[in-house]
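coords.cif (mmCIF, C-alpha atoms)
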```cif
data_structure
#
loop_
_atom_site.label_atom_id
_atom_site.label_comp_id
_atom_site.auth_asym_id
_atom_site.auth_seq_id
_atom_site.Cartn_x
_atom_site.Cartn_y
_atom_site.Cartn_z
CA MET A 30 59.27 69.80 64.22
CA TYR A 31 56.59 67.76 62.48
CA ALA A 32 54.01 68.24 59.76
CA ILE A 33 50.82 66.60 58.56
CA VAL A 34 51.03 66.26 54.77
CA GLU A 35 48.88 64.65 52.09
CA ILE A 36 50.82 62.09 50.04
CA ALA A 37 49.10 60.04 47.32
CA GLY A 38 45.64 60.75 48.71
CA GLN A 39 46.47 59.89 52.34
CA GLN A 40 47.54 62.10 55.24
CA PHE A 41 50.74 61.31 57.15
CA LYS A 42 52.36 62.83 60.23
CA VAL A 43 56.03 63.21 59.24
CA ALA A 44 59.23 64.50 60.83
CA LYS A 45 62.70 65.18 59.39
CA ASP A 46 64.73 62.01 58.54
CA GLN A 47 61.66 59.78 59.04
CA LYS A 48 61.05 56.85 56.66
CA VAL A 49 57.46 56.41 55.48
CA TYR A 50 55.79 53.75 53.32
CA VAL A 51 53.21 55.33 50.98
CA HIS A 52 51.16 54.15 48.00
CA ARG A 53 53.30 53.70 44.88
CA LEU A 54 54.56 57.03 43.45
CA LYS A 55 55.27 57.49 39.73
CA GLU A 56 58.73 59.01 40.19
CA ALA A 57 61.90 56.90 39.86
CA GLU A 58 63.96 55.57 42.75
CA GLY A 59 66.50 58.07 44.08
CA SER A 60 64.57 61.11 42.84
CA LYS A 61 63.48 63.95 45.11
CA ILE A 62 59.83 64.93 45.34
CA THR A 63 58.09 67.90 46.95
CA PHE A 64 54.66 67.68 48.57
CA ASP A 65 52.91 71.05 48.80
CA LYS A 66 49.63 69.93 50.42
CA VAL A 67 50.76 70.53 54.00
CA MET A 68 47.81 70.59 56.40
CA LEU A 69 49.63 71.39 59.66
CA VAL A 70 53.14 72.43 60.74
CA GLU A 71 54.41 72.39 64.34
CA ASP A 72 57.86 73.86 65.07
CA GLY A 73 58.25 73.58 68.82
CA LYS A 74 56.35 76.69 69.92
CA ASN A 75 54.02 77.53 67.03
CA VAL A 76 51.34 75.38 65.42
CA THR A 77 50.15 76.51 61.98
CA ILE A 78 46.94 75.01 60.63
CA GLY A 79 45.92 75.40 56.98
CA ALA A 80 42.48 75.81 55.49
CA PRO A 81 42.77 73.23 53.89
CA ALA A 82 46.51 73.59 53.12
CA ILE A 83 49.17 76.06 54.25
CA GLU A 84 50.26 78.45 51.47
CA GLY A 85 54.01 78.25 50.82
CA ALA A 86 54.63 75.23 53.04
CA ALA A 87 56.25 72.14 51.55
CA VAL A 88 57.77 68.82 52.53
CA THR A 89 60.72 67.49 50.52
CA ALA A 90 61.40 63.75 50.40
CA LYS A 91 63.66 61.29 48.60
CA ILE A 92 62.31 58.04 47.16
CA LEU A 93 64.39 55.19 48.57
CA GLY A 94 62.72 52.36 46.67
CA HIS A 95 59.61 50.71 45.31
CA LEU A 96 58.39 47.47 46.87
CA LYS A 97 55.35 45.34 47.64
CA GLY A 98 53.67 45.14 51.03
CA ASP A 99 52.91 42.02 53.03
CA LYS A 100 50.42 39.57 51.57
CA VAL A 101 46.90 39.94 52.90
CA ILE A 102 44.71 36.83 52.72
CA VAL A 103 41.00 37.38 52.07
CA PHE A 104 38.99 34.27 52.92
CA LYS A 105 35.22 34.12 52.48
CA LYS A 106 33.09 31.20 53.63
CA LYS A 107 29.41 30.43 54.04
CA ARG A 108 28.94 27.55 56.38
CA ARG A 109 27.01 24.43 55.33
CA LYS A 110 26.81 25.71 51.73
CA GLY A 111 30.15 24.55 50.32
CA TYR A 112 31.12 28.13 49.48
CA LYS A 113 34.78 29.04 50.02
CA LYS A 114 36.79 31.77 48.28
CA LYS A 115 40.44 32.48 49.01
CA ASN A 116 42.07 35.58 47.60
CA GLY A 117 45.38 37.32 48.18
CA HIS A 118 46.55 40.90 47.75
CA ARG A 119 49.90 42.70 47.94
CA GLN A 120 49.86 46.51 47.89
CA PHE A 121 52.47 48.35 45.76
CA LEU A 122 54.38 50.77 48.01
CA SER A 123 57.12 53.38 47.81
CA GLU A 124 59.52 53.96 50.68
CA ILE A 125 60.37 57.65 51.11
CA GLN A 126 62.60 59.52 53.54
CA ILE A 127 61.63 63.02 54.63
CA GLU A 128 64.53 65.41 54.00
CA SER A 129 63.09 68.79 55.00
CA ILE A 130 59.95 70.56 56.17
CA ALA A 131 59.58 74.17 55.04
CA ALA A 132 56.91 76.16 56.89
CA SER A 133 56.99 79.02 54.36
CA GLY A 134 58.75 80.20 51.22
CA ALA A 135 58.25 77.09 49.09
CA LYS A 136 57.12 77.47 45.50
CA LYS A 137 54.08 75.57 44.30
CA ALA A 138 54.77 72.74 41.86
CA PRO A 139 53.64 73.44 38.27
CA ALA A 140 50.44 71.68 37.24
CA LYS A 141 50.77 68.95 34.62
CA LYS A 142 48.74 69.46 31.45
CA ALA A 143 46.77 66.82 29.58
CA ALA A 144 48.58 65.54 26.50
CA ALA A 145 46.95 66.52 23.20
CA PRO A 146 43.34 65.33 23.11
CA LYS A 147 43.02 67.02 19.70
CA LYS A 148 45.13 64.31 18.06
CA GLU A 149 42.58 61.69 19.12
CA GLU A 150 39.77 63.61 17.41
CA LYS A 151 41.72 63.73 14.15
CA ALA A 152 42.37 60.00 14.37
CA VAL A 153 38.63 59.38 14.78
CA GLU A 154 37.72 61.53 11.76
CA ALA A 155 40.16 59.82 9.38
CA PRO A 156 38.52 56.34 9.44
CA LYS A 157 35.10 57.90 8.74
CA ALA A 158 36.44 59.39 5.52
CA GLU A 159 37.73 55.98 4.46
CA VAL A 160 34.33 54.39 5.20
CA LYS A 161 32.59 56.88 2.91
CA GLU A 162 34.91 55.95 0.06
CA THR A 163 34.16 52.24 0.47
CA THR A 164 30.39 52.78 0.67
CA SER A 165 30.07 53.55 -3.00
CA THR A 166 31.84 50.34 -3.99
CA ASP A 167 30.72 47.45 -1.73
CA VAL A 168 27.54 47.82 0.34
CA SER A 169 27.24 44.13 1.33
CA SER A 170 30.43 44.12 3.44
CA MET A 171 29.28 47.08 5.58
CA THR A 172 27.80 46.86 9.07
CA VAL A 173 24.21 47.80 9.83
CA ALA A 174 25.33 51.02 11.53
CA GLN A 175 27.33 52.05 8.46
CA LEU A 176 24.39 51.21 6.19
CA LYS A 177 22.02 53.30 8.32
CA ALA A 178 24.45 56.24 8.21
CA LEU A 179 24.64 55.96 4.41
CA ALA A 180 20.83 55.76 4.15
CA LYS A 181 20.55 58.89 6.27
CA GLU A 182 22.98 60.72 3.97
CA LYS A 183 21.02 59.68 0.87
CA GLY A 184 17.73 60.80 2.48
CA ILE A 185 15.98 57.41 2.59
CA SER A 186 12.97 57.60 4.95
CA GLY A 187 12.23 54.84 7.49
CA TYR A 188 15.79 53.48 7.49
CA THR A 189 15.84 53.00 11.28
CA SER A 190 13.44 50.04 11.23
CA LEU A 191 14.96 48.28 8.20
CA LYS A 192 17.05 45.12 8.45
CA LYS A 193 20.44 44.72 6.77
CA ALA A 194 19.11 43.03 3.62
CA GLU A 195 16.38 45.67 3.27
CA LEU A 196 18.95 48.45 3.71
CA ILE A 197 21.16 46.95 0.98
CA ASP A 198 18.16 46.75 -1.39
CA ALA A 199 17.15 50.36 -0.64
CA LEU A 200 20.70 51.65 -1.14
CA SER A 201 21.34 49.74 -4.35
CA LYS A 202 18.29 51.31 -6.09
#
```
Let me see whether you can do it: turn the structure in this file into structure tokens.
Amino acid sequence: MYAIVEIAGQQFKVAKDQKVYVHRLKEAEGSKITFDKVMLVEDGKNVTIGAPAIEGAAVTAKILGHLKGDKVIVFKKKRRKGYKKKNGHRQFLSEIQIESIAASGAKKAPAKKAAAPKKEEKAVEAPKAEVKETTSTDVSSMTVAQLKALAKEKGISGYTSLKKAELIDALSK
């Protein structure tokens, strides 16, 4: 029995008890992970093909370890020009062992939710309030963008083409 499954954006043909090197996974060593994007399952007699994935099919694997792949040397040269560049690269990999292939009956993994983007918006609003408090006290230490925002609030016309010194003069009146 074998299956074609998508792991970390790549498709692999896997069988039970097979060891596979895949792109680095976020889970810790020794943890079990389930892949539910199974494209094809073959169990001796029957071949099941998904469109694009088979509903209820899953592949369970155990992460054996995280490691780095072999070094790949990238050498670029342009002859007679004195141009030589040498670069190296080592891919981060995870070694996994396939424990089981379930053709049906597997539950889909719950989707992970994004973590609180609302908190970021509140953090952005708080510094603006502090800037407004400082505008009434010291105009010369402000940036041009802050001065233009203050001029807009006060209703000064033509503030977009004014320089910093001109903005300070207009705001101090």
Polymer residues at most 8 Å from A:Leu96, only C-alpha atoms, same-chain spacing of 5 or more positions, as a list in words: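 Contacts, in chain order: Phe121, Leu122, Ser123 and Glu124 of chain A.
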Nearest to A:Ala86, chosen from A:Ala32, A:Val51, A:Ile62, A:Ala37, with only C-alpha atoms counted in the distances: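 So, comparing all the options, the nearest one is A:Ala32.
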Shell of 12 Å around A:Lys105, all atoms listed in the file, local chain residues under 6 positions omitted, as a VMD selection string: chain A and resid 111 to 117
Those selected residues, please, written with C-alpha atoms and delivered as a PDB file, in the coordinates of the input.
```pdb
ATOM      1  CA  GLY A 111      30.150  24.550  50.320  1.00  0.00           C
ATOM      2  CA  TYR A 112      31.120  28.130  49.480  1.00  0.00           C
ATOM      3  CA  LYS A 113      34.780  29.040  50.020  1.00  0.00           C
ATOM      4  CA  LYS A 114      36.790  31.770  48.280  1.00  0.00           C
ATOM      5  CA  LYS A 115      40.440  32.480  49.010  1.00  0.00           C
ATOM      6  CA  ASN A 116      42.070  35.580  47.600  1.00  0.00           C
ATOM      7  CA  GLY A 117      45.380  37.320  48.180  1.00  0.00           C
TER       8      GLY A 117
END
```
Within 6 Å of stretch 76-83 of chain A using only C-alpha atoms, minus same-chain residues under 5 positions, as a ChimeraX atom specification: /A:66-71
Atomic distance atom CA of A:Glu35 - atom CA of A:Ile102, expressed in Å with one decimal: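 Separation between atom CA of A:Glu35 and atom CA of A:Ile102: 28.1 Å.
The two atoms in question, atom CA of A:Ile125 and atom CA of A:Gly38, are spaced 15.2 Å apart.
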Straight-line distance linking atom CA of A:Gly187 with atom CA of A:Ser170, stated in Å to one decimal: 21.5 Å
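Between A:Ala87 and the candidates A:Glu182, A:Glu58, A:Asp198, A:Glu128, the tightest atom-to-atom separation, counting only C-alpha atoms, involves A:Glu128.
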